[in-house]
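A.B. asks: Take a look at the following structure, please.
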There are 8 protein chains.
Amino acid sequence: MDLRFDFARRARIGLGEAVLCAGKSGQQIEHVIGLALARDTPLLLTRMSAAQFDALSPGCRARTDYDPRSGTAIAGPWQPAAGPPRVAVVSAGSSDIAVAHEAERTLAFYGEAAHAVHDVGVAGLWRLLEQEAELRHYPVLIAVAGMDGALFSVLGGLVGGLVIAVPTSTGYGAARHGRTALFSALTSCAPGIVAANIDNGYGAACAALRALRPPAAPA
Amino acid sequence: MDLRFDFARRARIGLGEAVLCAGKSGQQIEHVIGLALARDTPLLLTRMSAAQFDALSPGCRARTDYDPRSGTAIAGPWQPAAGPPRVAVVSAGSSDIAVAHEAERTLAFYGEAAHAVHDVGVAGLWRLLEQEAELRHYPVLIAVAGMDGALFSVLGGLVGGLVIAVPTSTGYGAARHGRTALFSALTSCAPGIVAANIDNGYGAACAALRALRPPAAPA
Amino acid sequence: MDLRFDFARRARIGLGEAVLCAGKSGQQIEHVIGLALARDTPLLLTRMSAAQFDALSPGCRARTDYDPRSGTAIAGPWQPAAGPPRVAVVSAGSSDIAVAHEAERTLAFYGEAAHAVHDVGVAGLWRLLEQEAELRHYPVLIAVAGMDGALFSVLGGLVGGLVIAVPTSTGYGAARHGRTALFSALTSCAPGIVAANIDNGYGAACAALRALRPPAAPA
Amino acid sequence: MDLRFDFARRARIGLGEAVLCAGKSGQQIEHVIGLALARDTPLLLTRMSAAQFDALSPGCRARTDYDPRSGTAIAGPWQPAAGPPRVAVVSAGSSDIAVAHEAERTLAFYGEAAHAVHDVGVAGLWRLLEQEAELRHYPVLIAVAGMDGALFSVLGGLVGGLVIAVPTSTGYGAARHGRTALFSALTSCAPGIVAANIDNGYGAACAALRALRPPAAPA
Amino acid sequence: MDLRFDFARRARIGLGEAVLCAGKSGQQIEHVIGLALARDTPLLLTRMSAAQFDALSPGCRARTDYDPRSGTAIAGPWQPAAGPPRVAVVSAGSSDIAVAHEAERTLAFYGEAAHAVHDVGVAGLWRLLEQEAELRHYPVLIAVAGMDGALFSVLGGLVGGLVIAVPTSTGYGAARHGRTALFSALTSCAPGIVAANIDNGYGAACAALRALRPPAAPA
Amino acid sequence: MDLRFDFARRARIGLGEAVLCAGKSGQQIEHVIGLALARDTPLLLTRMSAAQFDALSPGCRARTDYDPRSGTAIAGPWQPAAGPPRVAVVSAGSSDIAVAHEAERTLAFYGEAAHAVHDVGVAGLWRLLEQEAELRHYPVLIAVAGMDGALFSVLGGLVGGLVIAVPTSTGYGAARHGRTALFSALTSCAPGIVAANIDNGYGAACAALRALRPPAAPA
Amino acid sequence: MDLRFDFARRARIGLGEAVLCAGKSGQQIEHVIGLALARDTPLLLTRMSAAQFDALSPGCRARTDYDPRSGTAIAGPWQPAAGPPRVAVVSAGSSDIAVAHEAERTLAFYGEAAHAVHDVGVAGLWRLLEQEAELRHYPVLIAVAGMDGALFSVLGGLVGGLVIAVPTSTGYGAARHGRTALFSALTSCAPGIVAANIDNGYGAACAALRALRPPAAPA
Amino acid sequence: MDLRFDFARRARIGLGEAVLCAGKSGQQIEHVIGLALARDTPLLLTRMSAAQFDALSPGCRARTDYDPRSGTAIAGPWQPAAGPPRVAVVSAGSSDIAVAHEAERTLAFYGEAAHAVHDVGVAGLWRLLEQEAELRHYPVLIAVAGMDGALFSVLGGLVGGLVIAVPTSTGYGAARHGRTALFSALTSCAPGIVAANIDNGYGAACAALRALRPPAAPA
């Protein structure tokens with residue numbers, strides 16, 4: 001195991017190193033969880049399949065909180081978010097929910113609650129407009145959508161908070177595995193929309209945390 | 001001049017051959033206008049620059065109605081559309097208007113009036129919602145938008161008429177010369193949106209004419 | 001289940017929300033069928049695999065009409081189309097037929113019969129020319145083709161009805177998963193061809209319905 | 001002039017509609033400036049060339065503050081930013097400075113000062129590390145880089161503030177007009193980097209303003 | 001001049017090295033023509049602009065036969081083709097004719113006459129069908145078309161000769177500078193279509209010459 | 001079975017319709033073989049997997065000659081090629097051999113023998129140069145190569161016969177599933193190289209047959 | 001077996017032909033190992049899966065040294081590298097290690113030891129800076145990274161040795177299967193970075209060997 | 001002028017920072033030359049047009065050695081390379097020579113002579129084979145080619161030195177502005193070829209210098 005895990009990262013920038021499980025062997029995952037448990041440091045793992053979780057040793061599983069909806073796991077000491085939510089997670093279709101959950105779970109890992117609004121794609125615009133008054137109060141909104149990504153622009157024109165677009169790989173043909181939604185976010189006619197990588201609910205949550213927990217202003 | 005102009009097309013399918021002037025020499029344009037005038041047949045020319053029009057012979061210019069906003073010209077006998085409009089042409093931003101005008105002019109050439117609604121991009125959603133009641137009555141709507149093409153989906157979720165999307169090459173970077181708007185149209189979350197080529201206001205109008213003027217039903 | 005199903009859509013635009021089953025869990029599909037059955041509202045489901053249908057509960061299966069050729073299912077009360085067909089569905093090769101069937105089944109769900117003409121790719125041009133006289137009478141034609149998509153242009157030059165191209169992902173190499181056929185449709189030398197997304201027989205049928213069932217003209 | 005300028009946008013989301021001058025005629029620009037001046041509302045114009053500014057009428061030029069470095073103009077009443085900067089604008093090479101200036105100017109238009117750090121590309125890493133201590137104090141950092149976009153990841157690993165990447169079209173060949181830098185930002189190995197469109201300094205500044213000026217938290 | 005001109009090529013493979021003038025300086029073109037004239041060897045030059053021809057020295061111009069329609073020049077001793085044509089050059093639209101002429105002129109340089117059929121795009125199918133009986137007799141057909149490239153498949157289904165497709169960069173948007181026509185040729189539903197590079201009339205003619213002038217069969 | 005098999009094609013252009021088995025059901029394949037056997041017409045099937053062949057009925061298998069190396073099958077009466085070969089099939093690497101075999105088998109189906117030269121990639125140039133004298137005698141050469149496709153240009157510079165390039169999807173990363181080899185063929189520095197689709201040994205053989213069996217010259 | 005294995009290559013250029021096992025049958029692999037063993041020549045095989053190794057005959061397996069971490073095998077007589085390492089292999093994330101091992105193993109096959117430094121991605125910059133002093137002494141460095149490929153530029157700005165970038169297909173979405181990392185390497189802001197193909201640890205090692213073992217200088 | 005020129009780079013890695021003039025203003029270029037002259041440090045500038053050179057002040061021009069063939073300039077004290085060349089620069093066509101000259105001039109700036117071999121594209125293979133014996137002695141070879149980039153593989157199979165491929169943007173259509181040649185280099189069938197960016201003669205020379213001037217080996 002040639003690992004140089006960046007345990008210093010959380011102290012440095014407020015966000016720890018997370019483990020992307022896709023493509024990793026069970027042995028690699030077990031090893032890094034072991035490192036975290038030995039330090040009594042909470043560790044977030046993403047894109048963990050149920051099979052990967054099941055393949056962990058019983059002792060490891062016992063100290064790891066696995067959420068199959070989002071494919072995330074949290075090893076080590078950890079407490080759910082408390083307090084009112086400061087982030088709204090808004091998703092367009094039922095196929096986008098897993099990515100939205102990844103964002104919510106990442107926020108929870110860092111102690112931030114999220115207000116979730118799912119299945120409000122703009123083809124049925126009333127669904128989003130019903131939520132407009134509520135959504136206008138959030139400082140940060142994570143918008144999750146695939147296909148045409150039209151949700152990003154409509155939402156960005158309605159609210160003044162920071163809108164972080166997460167394009168998803170939902171759709172086929174001209175959806176191009178999420179690139180159409182990504183490029184829609186980047187060319188949004190609403191000002192100031194920013195984008196995370198395709199399907200990257202984790203990254204969007206990290207950006208939200210950067211925005212919500214600024215360092216002390218410069219002297 | 002090795003031309004085999006398809007003058008039979010209008011009788012065959014209801015739409016004549018039009019002349020795309022981009023890339024053609026003045027001599028070529030003059031020649032084909034001459035053929036139409038000699039037959040006393042109206043001829044539509046698209047993508048004609050002011051310089052191309054100015055380079056025509058005086059006699060040719062005198063019998064050709066040139067519209068610089070849309071870059072279209074009509075040679076030969078021709079009468080403006082009369083009667084109430086059956087097509088709404090809806091465009092998102094001020095950069096999309098030239099393409100919208102090309103569609104309107106093509107419809108006019110075939111005797112169809114159009115109801116034009118410009119500058120209703122979804123970043124200011126109220127602009128489109130103000131028009132919703134009116135737009136719901138049109139059997140065909142031509143929607144013109146660049147960048148994220150979010151207009152296509154929002155409009156398609158509000159009205160029941162045929163929505164023909166014309167993506168435009170407006171925008172830069174991730175707009176990819178209109179491909180983002182094109183793919184947005186094709187992956188629209190609203191059902192039954194169809195697309196014409198990028199910047200192809202002429203083609204969208206032809207599709208509208210096909211929809212509005214169906215052949216007699218089969219026996 | 002965070003579903004906000006848009007049951008109002010059919011009243012609004014004449015087309016209801018359909019369920020794309022690809023990527024959905026059996027639980028999700030069962031849930032939404034349940035919602036529709038509870039309301040006694042017919043529901044169209046697309047891209048449902050035989051395995052997905054078989055995994056439904058017996059009660060659900062009993063009230064759902066599954067068609068394996070097109071991968072569509074219809075839950076709830078429903079009556080086959082009656083009356084003469086107003087749409088021709090024309091496909092190029094035997095690999096395109098499943099997509100054509102998806103279009104036909106969507107039309108049937110909304111009560112529209114279709115006239116199907118399969119396997120008339122232009123490499124054997126006589127096959128299409130044999131049908132020309134018949135096809136000229138249809139107000140709407142759905143053309144389904146992969147690879148070079150040459151069918152779209154040839155058909156569009158022969159008939160005056162609305163031609164909706166459905167590119168398919170048939171072919172390999174330079175077919176680029178349907179993008180070559182899609183771009184062929186969009187750059188067709190025949191005027192007024194419009195395109196739906198790759199393999200999207202459902203969307204093409206919805207566009208046909210928009211064209212065939214226009215709202216009342218504006219006052 | 002079929003303009004429906006969205007003057008209500010600033011009240012709605014805190015950001016007004018700006019005018020992208022690229023591709024607009026002098027008449028169009030003059031017209032919209034006139035609308036703003038008549039309302040005594042400040043108006044931001046971007047991508048205005050020196051030639052476009054020079055073509056304005058003398059009266060219009062007199063009331064418009066044009067900055068050739070960034071290609072921005074501000075019409076109407078306006079006051080420069082005061083107070084300590086809350087945003088750092090960090091750029092990699094001398095070719096990226098114009099985009100950085102567009103961001104700085106947009107911030108200034110909204111009354112936010114910026115701390116600018118230019119020419120700190122990572123090939124000479126000491127240049128950025130010299131600034132590290134200072135940069136760690138900013139809640140928002142706009143990072144501007146073309147070519148490989150390596151600045152985004154290095155910066156994102158050093159600071160805890162929100163990092164908004166603006167890829168630029170600097171570079172040739174494999175730089176692919178900014179797409180390489182864009183995709184680098186989106187796949188950054190540092191967590192929580194978000195991206196604006198290529199060359200979009202204006203959009204990045206708008207996102208910074210969304211993050212710095214959150215709406216009141218929900219009750 | 002670091003030139004190693006491959007004067008041996010014609011003896012080796014029957015086709016000499018030609019000079020692509022695009023991007024070359026007047027001095028470079030003059031130099032290579034001089035080399036050919038000194039050897040009394042005929043030399044074909046392609047993509048020569050009128051400006052490039054006019055910039056040649058008078059002595060060079062006098063011994064060079066320039067054809068502005070195709071942008072080709074032939075320096076040195078040369079005789080036009082005689083005898084009945086063995087190649088048909090078939091083009092779809094009037095914008096494709098320059099490329100067709102490049103093919104015809106290359107054939108002529110090598111002593112092969114060509115039968116030219118222009119402006120027979122498949123949107124007006126009768127134009128091509130009128131020529132079918134004639135075209136069936138040619139051993140080689142060069143088909144030139146842009147946009148959707150539908151001509152390639154229709155022609156390939158009608159004739160038994162070798163069909164060499166030359167896609168052209170005609171068209172805009174989804175034509176993608178000729179790539180759509182190129183990919184159409186490669187995925188043609190007619191069997192045995194082969195393609196040359198986009199706009200490469202010269203290369204198609206060389207392929208025709210390879211097919212028409214085979215080496216002696218192996219012993 | 002909505003089949004309109006083009007049995008007239010062979011009489012029309014000398015090449016019959018072949019059946020691409022990829023993506024077809026066993027029932028579809030069985031059906032079309034049955035049609036051919038009933039007419040006593042030989043039928044070529046390509047891309048047939050061993051599993052597809054094994055799933056045919058015993059009676060069908062008995063009258064079908066399956067070749068697993070090339071994935072081709074020939075149903076009905078058929079005789080191997082006799083006489084000296086007029087086509088050389090030249091392939092670069094051992095991964096390209098299956099595609100080469102598809103070409104050889106297609107030629108054999110039409111009674112043409114082929115001279116096969118495998119594993120002569122240009123990294124070991126001596127392997128190809130050893131064959132040069134022999135290869136110079138063939139009127140048609142089918143060159144099969146993946147990755148960089150350098151074989152096409154080297155071969156095309158050595159021989160005067162018609163060179164038909166078949167790019168293969170061999171290689172990874174920048175090989176881009178055969179597109180790099182395809183584009184190499186199209187931009188070959190050797191004059192007159194033409195290309196078939198990626199992995200399309202069948203199509204290349206059909207082109208060779210078109211070149212070798214020209215129709216009677218026009219009167 | 002139509003193999004023309006290039007056993008002369010090592011004498012010619014110092015590097016023998018290696019066997020890429022991906023896509024090869026067990027029979028093909030067994031055959032080429034047999035050829036090497038018969039000549040008592042060491043043979044390197046890459047991309048060999050455990051299943052492919054297990055399928056070899058016992059006699060073949062006994063004389064083949066298989067390394068599952070890198071997917072490489074060495075058949076025939078072979079001695080591990082001795083002497084101090086001249087190449088540093090530096091990788092960014094734990095998903096890049098397999099590719100790094102392929103490079104190390106190729107170097108070992110040719111008798112070159114490597115100094116391996118893994119998991120030093122620039123998001124935790126201290127990890128690389130800790131190694132800087134050591135890495136500055138190596139004449140050749142192989143840098144292995146996926147996603148944004150930022151390691152290439154940072155490393156290239158710190159050391160003077162030859163930096164060979166190996167982009168990996170690690171990452172999703174905008175990582176585009178390694179193309180983002182590849183293009184980052186090619187547009188690096190550090191001067192003189194060169195790139196091998198995506199995931200091509202073998203090729204990078206061959207380039208290192210070319211650099212370390214130059215031929216005798218020209219006379 | 002917000003410049004932080006990295007004058008420390010040459011001491012750090014042996015290669016100084018060079019100035020890419022494309023896109024820079026005359027004032028910017030003049031300024032950075034002034035900085036170098038003030039330090040009496042030689043400075044390399046690339047992609048400088050004749051117009052950019054002519055716009056420099058007379059004093060600046062007098063101390064700057066401009067080479068129009070390569071578009072490079074050297075300001076400050078500088079001595080041409082002496083001693084026998086250790087790098088061969090090999091280019092395929094006459095359009096590739098400017099890029100080759102950029103590489104030669106960069107080498108000269110650092111005191112390395114180059115052996116230049118131009119116009120040896122593989123379509124006339126004898127031209128390269130004539131040079132083979134000579135080229136085999138060079139430790140580093142820079143190969144410059146556009147279009148199909150076949151030169152890279154052929155050269156790489158003949159010599160044992162380090163081959164650095166520089167793809168050029170020569171060619172049209174499928175050449176894709178140099179991407180075809182780039183991908184050919186990366187997928188070369190010859191082992192150990194590495195690539196620089198498209199048209200980047202400067203970068204290839206820097207890589208050559210890294211290979212030729214290794215740091216002292218680690219202790």
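Identifiers in the structure tokens: chain A, B, ... in order shown; residue index from 1 per chain; ligand index from 1 in order shown.
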Fewer than 5 positions away in the same chain doesn't count, so skip those; otherwise give me all residues within 7 Å of range 84-86 of chain D, counting only C-alpha atoms, as a compact mmCIF listing (two decimals) with N, CA, C and O atoms, in the first residue's frame.
C.D. replies:
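The result, stored in result-v6.txt:
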# COMPACT_ATOMS: atom_id res chain seq x y z
N GLU D 112 -17.97 45.89 -5.01
CA GLU D 112 -17.03 45.01 -4.33
C GLU D 112 -15.61 45.24 -4.85
O GLU D 112 -15.37 45.13 -6.05
N ALA D 113 -14.69 45.53 -3.96
CA ALA D 113 -13.29 45.64 -4.36
C ALA D 113 -12.70 44.24 -4.52
O ALA D 113 -13.20 43.28 -3.94
N ALA D 114 -11.64 44.14 -5.31
CA ALA D 114 -10.99 42.86 -5.51
C ALA D 114 -9.49 43.01 -5.28
O ALA D 114 -8.91 44.05 -5.55
N HIS D 115 -8.90 41.94 -4.77
CA HIS D 115 -7.45 41.89 -4.62
C HIS D 115 -6.90 41.09 -5.80
O HIS D 115 -7.23 39.90 -5.94
N TYR D 138 -9.22 34.95 2.01
CA TYR D 138 -10.35 35.42 1.21
C TYR D 138 -11.49 34.40 1.19
O TYR D 138 -11.26 33.22 0.98
N PRO D 139 -12.70 34.86 1.39
CA PRO D 139 -13.83 33.93 1.32
C PRO D 139 -14.10 33.44 -0.10
O PRO D 139 -14.62 32.35 -0.29
N VAL D 140 -13.77 34.27 -1.08
CA VAL D 140 -13.99 33.87 -2.47
C VAL D 140 -12.74 34.17 -3.29
O VAL D 140 -12.15 35.25 -3.15
A.B. asks: Select from range 140-215 of chain B everything DSSP, run on the backbone, classes as strand (DSSP E or B), then give the selection as a PyMOL selection string.
C.D. replies: chain B and resi 140-145+162-167+194-195
A.B. asks: Between CA of Ser188 in chain D and CA of Ala150 in chain G, what is the distance in Å, rounded to a tenth?
C.D. replies: 8.1 Å
A.B. asks: Using only C-alpha atoms, find the residues of chain H whose closest atom to chain F is at most 12 Å away, then write them as a PyMOL selection string.
C.D. replies: chain H and resi 92-93+119-129+145-160+169-193+195
A.B. asks: Would you compute the distance between CA of Leu162 in chain H and CA of Ala208 in chain G? Give it in Å to one decimal.
C.D. replies: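 These atoms are spaced 8.1 Å apart.
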A.B. asks: What is the distance between CA of Glu130 in chain E and CA of Val87 in chain E, in Å to one decimal?
C.D. replies: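 Atom-to-atom, CA of Glu130 in chain E to CA of Val87 in chain E, that is 17.9 Å.
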A.B. asks: Please list as a compact mmCIF listing (two decimals) with all heavy atoms, in the first residue's frame every residue within 8 Å of range 43-57 of chain H, counting only C-alpha atoms and excluding residues in the same chain fewer than 5 positions away.
C.D. replies:
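In the end it all went to around.txt:
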# COMPACT_ATOMS: atom_id res chain seq x y z
N GLY H 16 14.79 28.56 -19.30
CA GLY H 16 14.20 29.83 -18.87
C GLY H 16 12.76 29.97 -19.32
O GLY H 16 12.28 29.19 -20.14
N GLU H 17 12.08 30.97 -18.82
CA GLU H 17 10.74 31.25 -19.31
C GLU H 17 10.86 31.93 -20.67
O GLU H 17 11.64 32.85 -20.86
CB GLU H 17 9.98 32.16 -18.33
CG GLU H 17 8.55 32.38 -18.76
CD GLU H 17 7.65 33.02 -17.69
OE1 GLU H 17 8.10 33.23 -16.57
OE2 GLU H 17 6.48 33.29 -18.02
N ALA H 18 10.10 31.46 -21.65
CA ALA H 18 10.08 32.10 -22.96
C ALA H 18 8.77 32.89 -23.09
O ALA H 18 7.82 32.67 -22.34
CB ALA H 18 10.16 31.06 -24.07
N VAL H 19 8.73 33.79 -24.05
CA VAL H 19 7.56 34.65 -24.23
C VAL H 19 6.83 34.27 -25.51
O VAL H 19 7.40 34.36 -26.60
CB VAL H 19 7.99 36.13 -24.29
CG1 VAL H 19 6.78 37.02 -24.52
CG2 VAL H 19 8.72 36.52 -23.02
N LEU H 20 5.61 33.82 -25.37
CA LEU H 20 4.77 33.52 -26.53
C LEU H 20 4.13 34.83 -26.98
O LEU H 20 3.31 35.40 -26.27
CB LEU H 20 3.69 32.51 -26.11
CG LEU H 20 2.66 32.12 -27.18
CD1 LEU H 20 3.24 31.13 -28.16
CD2 LEU H 20 1.41 31.54 -26.52
N CYS H 21 4.51 35.32 -28.15
CA CYS H 21 4.07 36.66 -28.56
C CYS H 21 2.64 36.67 -29.12
O CYS H 21 1.99 37.73 -29.12
CB CYS H 21 5.03 37.22 -29.59
SG CYS H 21 6.68 37.45 -28.92
N ALA H 22 2.17 35.54 -29.59
CA ALA H 22 0.82 35.51 -30.17
C ALA H 22 -0.17 36.07 -29.15
O ALA H 22 -0.22 35.63 -28.01
CB ALA H 22 0.44 34.09 -30.56
N GLY H 26 2.17 45.07 -28.55
CA GLY H 26 3.53 45.54 -28.74
C GLY H 26 4.11 46.06 -27.43
O GLY H 26 5.29 45.81 -27.11
N GLU H 30 7.53 44.73 -25.74
CA GLU H 30 8.60 45.71 -25.49
C GLU H 30 8.99 45.70 -24.00
O GLU H 30 10.17 45.73 -23.65
CB GLU H 30 8.09 47.11 -25.89
CG GLU H 30 9.08 48.23 -25.74
CD GLU H 30 9.85 48.53 -27.03
OE1 GLU H 30 9.34 48.20 -28.13
OE2 GLU H 30 10.97 49.06 -26.93
N ILE H 33 10.98 42.49 -23.03
CA ILE H 33 12.34 42.56 -23.58
C ILE H 33 13.17 43.53 -22.75
O ILE H 33 14.34 43.27 -22.43
CB ILE H 33 12.30 42.98 -25.07
CG1 ILE H 33 11.69 41.87 -25.93
CG2 ILE H 33 13.70 43.32 -25.57
CD1 ILE H 33 11.58 42.19 -27.41
N ALA H 36 14.52 41.95 -19.66
CA ALA H 36 15.64 41.03 -19.91
C ALA H 36 16.91 41.81 -20.22
O ALA H 36 17.99 41.49 -19.70
CB ALA H 36 15.29 40.09 -21.07
N TYR H 66 15.94 38.66 -34.84
CA TYR H 66 14.65 38.12 -35.28
C TYR H 66 14.83 37.20 -36.47
O TYR H 66 15.53 37.54 -37.42
CB TYR H 66 13.71 39.27 -35.64
CG TYR H 66 12.35 38.81 -36.13
CD1 TYR H 66 11.50 38.09 -35.30
CD2 TYR H 66 11.92 39.08 -37.42
CE1 TYR H 66 10.27 37.66 -35.74
CE2 TYR H 66 10.69 38.65 -37.88
CZ TYR H 66 9.87 37.94 -37.03
OH TYR H 66 8.65 37.50 -37.48
N PRO H 68 12.57 35.44 -39.27
CA PRO H 68 11.18 35.36 -39.76
C PRO H 68 10.74 33.96 -40.15
O PRO H 68 9.54 33.66 -40.10
CB PRO H 68 11.20 36.30 -40.99
CG PRO H 68 12.62 36.44 -41.37
CD PRO H 68 13.44 36.24 -40.14
N SER H 70 11.08 31.18 -38.60
CA SER H 70 10.55 30.45 -37.45
C SER H 70 9.69 31.32 -36.55
O SER H 70 9.07 30.81 -35.61
CB SER H 70 11.72 29.91 -36.61
OG SER H 70 12.52 30.99 -36.18
N GLY H 71 9.67 32.64 -36.82
CA GLY H 71 8.90 33.53 -35.96
C GLY H 71 9.49 33.66 -34.57
O GLY H 71 8.77 33.95 -33.61
N THR H 72 10.77 33.43 -34.43
CA THR H 72 11.40 33.54 -33.10
C THR H 72 12.31 34.76 -33.06
O THR H 72 12.83 35.21 -34.07
CB THR H 72 12.27 32.31 -32.77
OG1 THR H 72 13.23 32.15 -33.81
CG2 THR H 72 11.42 31.07 -32.65
N ALA H 73 12.51 35.28 -31.86
CA ALA H 73 13.44 36.38 -31.65
C ALA H 73 14.24 36.08 -30.40
O ALA H 73 13.73 35.44 -29.46
CB ALA H 73 12.69 37.70 -31.51
N ILE H 74 15.48 36.54 -30.39
CA ILE H 74 16.32 36.38 -29.20
C ILE H 74 16.83 37.76 -28.82
O ILE H 74 17.46 38.44 -29.62
CB ILE H 74 17.49 35.42 -29.47
CG1 ILE H 74 16.96 34.05 -29.90
CG2 ILE H 74 18.36 35.27 -28.22
CD1 ILE H 74 18.04 33.05 -30.30
N ALA H 75 16.50 38.18 -27.62
CA ALA H 75 16.94 39.47 -27.14
C ALA H 75 18.10 39.27 -26.18
O ALA H 75 18.15 38.27 -25.45
CB ALA H 75 15.80 40.19 -26.43
N GLY H 76 19.05 40.22 -26.21
CA GLY H 76 20.14 40.18 -25.25
C GLY H 76 21.32 39.38 -25.76
O GLY H 76 21.35 38.93 -26.91
N GLU H 102 11.36 26.40 -35.66
CA GLU H 102 11.18 26.86 -34.28
C GLU H 102 11.93 25.97 -33.31
O GLU H 102 12.55 26.45 -32.35
CB GLU H 102 9.68 26.90 -33.91
CG GLU H 102 9.41 27.57 -32.58
CD GLU H 102 7.95 27.51 -32.17
OE1 GLU H 102 7.52 26.47 -31.61
OE2 GLU H 102 7.23 28.49 -32.39
N THR H 106 15.22 27.16 -31.04
CA THR H 106 15.20 27.02 -29.58
C THR H 106 16.44 26.28 -29.12
O THR H 106 17.09 26.65 -28.12
CB THR H 106 13.92 26.27 -29.15
OG1 THR H 106 12.78 27.01 -29.58
CG2 THR H 106 13.86 26.10 -27.64
N PHE H 109 19.37 28.61 -29.28
CA PHE H 109 19.34 29.56 -28.15
C PHE H 109 20.05 28.97 -26.93
O PHE H 109 20.71 29.67 -26.18
CB PHE H 109 17.88 29.90 -27.82
CG PHE H 109 17.70 30.77 -26.62
CD1 PHE H 109 17.98 32.13 -26.66
CD2 PHE H 109 17.25 30.24 -25.42
CE1 PHE H 109 17.80 32.94 -25.55
CE2 PHE H 109 17.07 31.04 -24.30
CZ PHE H 109 17.35 32.40 -24.36
N TYR H 202 8.91 24.63 -30.17
CA TYR H 202 9.60 25.12 -28.98
C TYR H 202 9.58 24.08 -27.86
O TYR H 202 10.61 23.76 -27.26
CB TYR H 202 8.93 26.42 -28.51
CG TYR H 202 9.26 26.78 -27.10
CD1 TYR H 202 10.52 27.28 -26.77
CD2 TYR H 202 8.34 26.60 -26.07
CE1 TYR H 202 10.84 27.59 -25.46
CE2 TYR H 202 8.65 26.90 -24.76
CZ TYR H 202 9.91 27.40 -24.45
OH TYR H 202 10.23 27.69 -23.17
A.B. asks: Give me, as a PyMOL selection string, the residues of range 101-194 of chain A that a backbone DSSP run labels alpha helix (DSSP H).
C.D. replies: chain A and resi 101-109+125-129+132-135+150-158+179-186
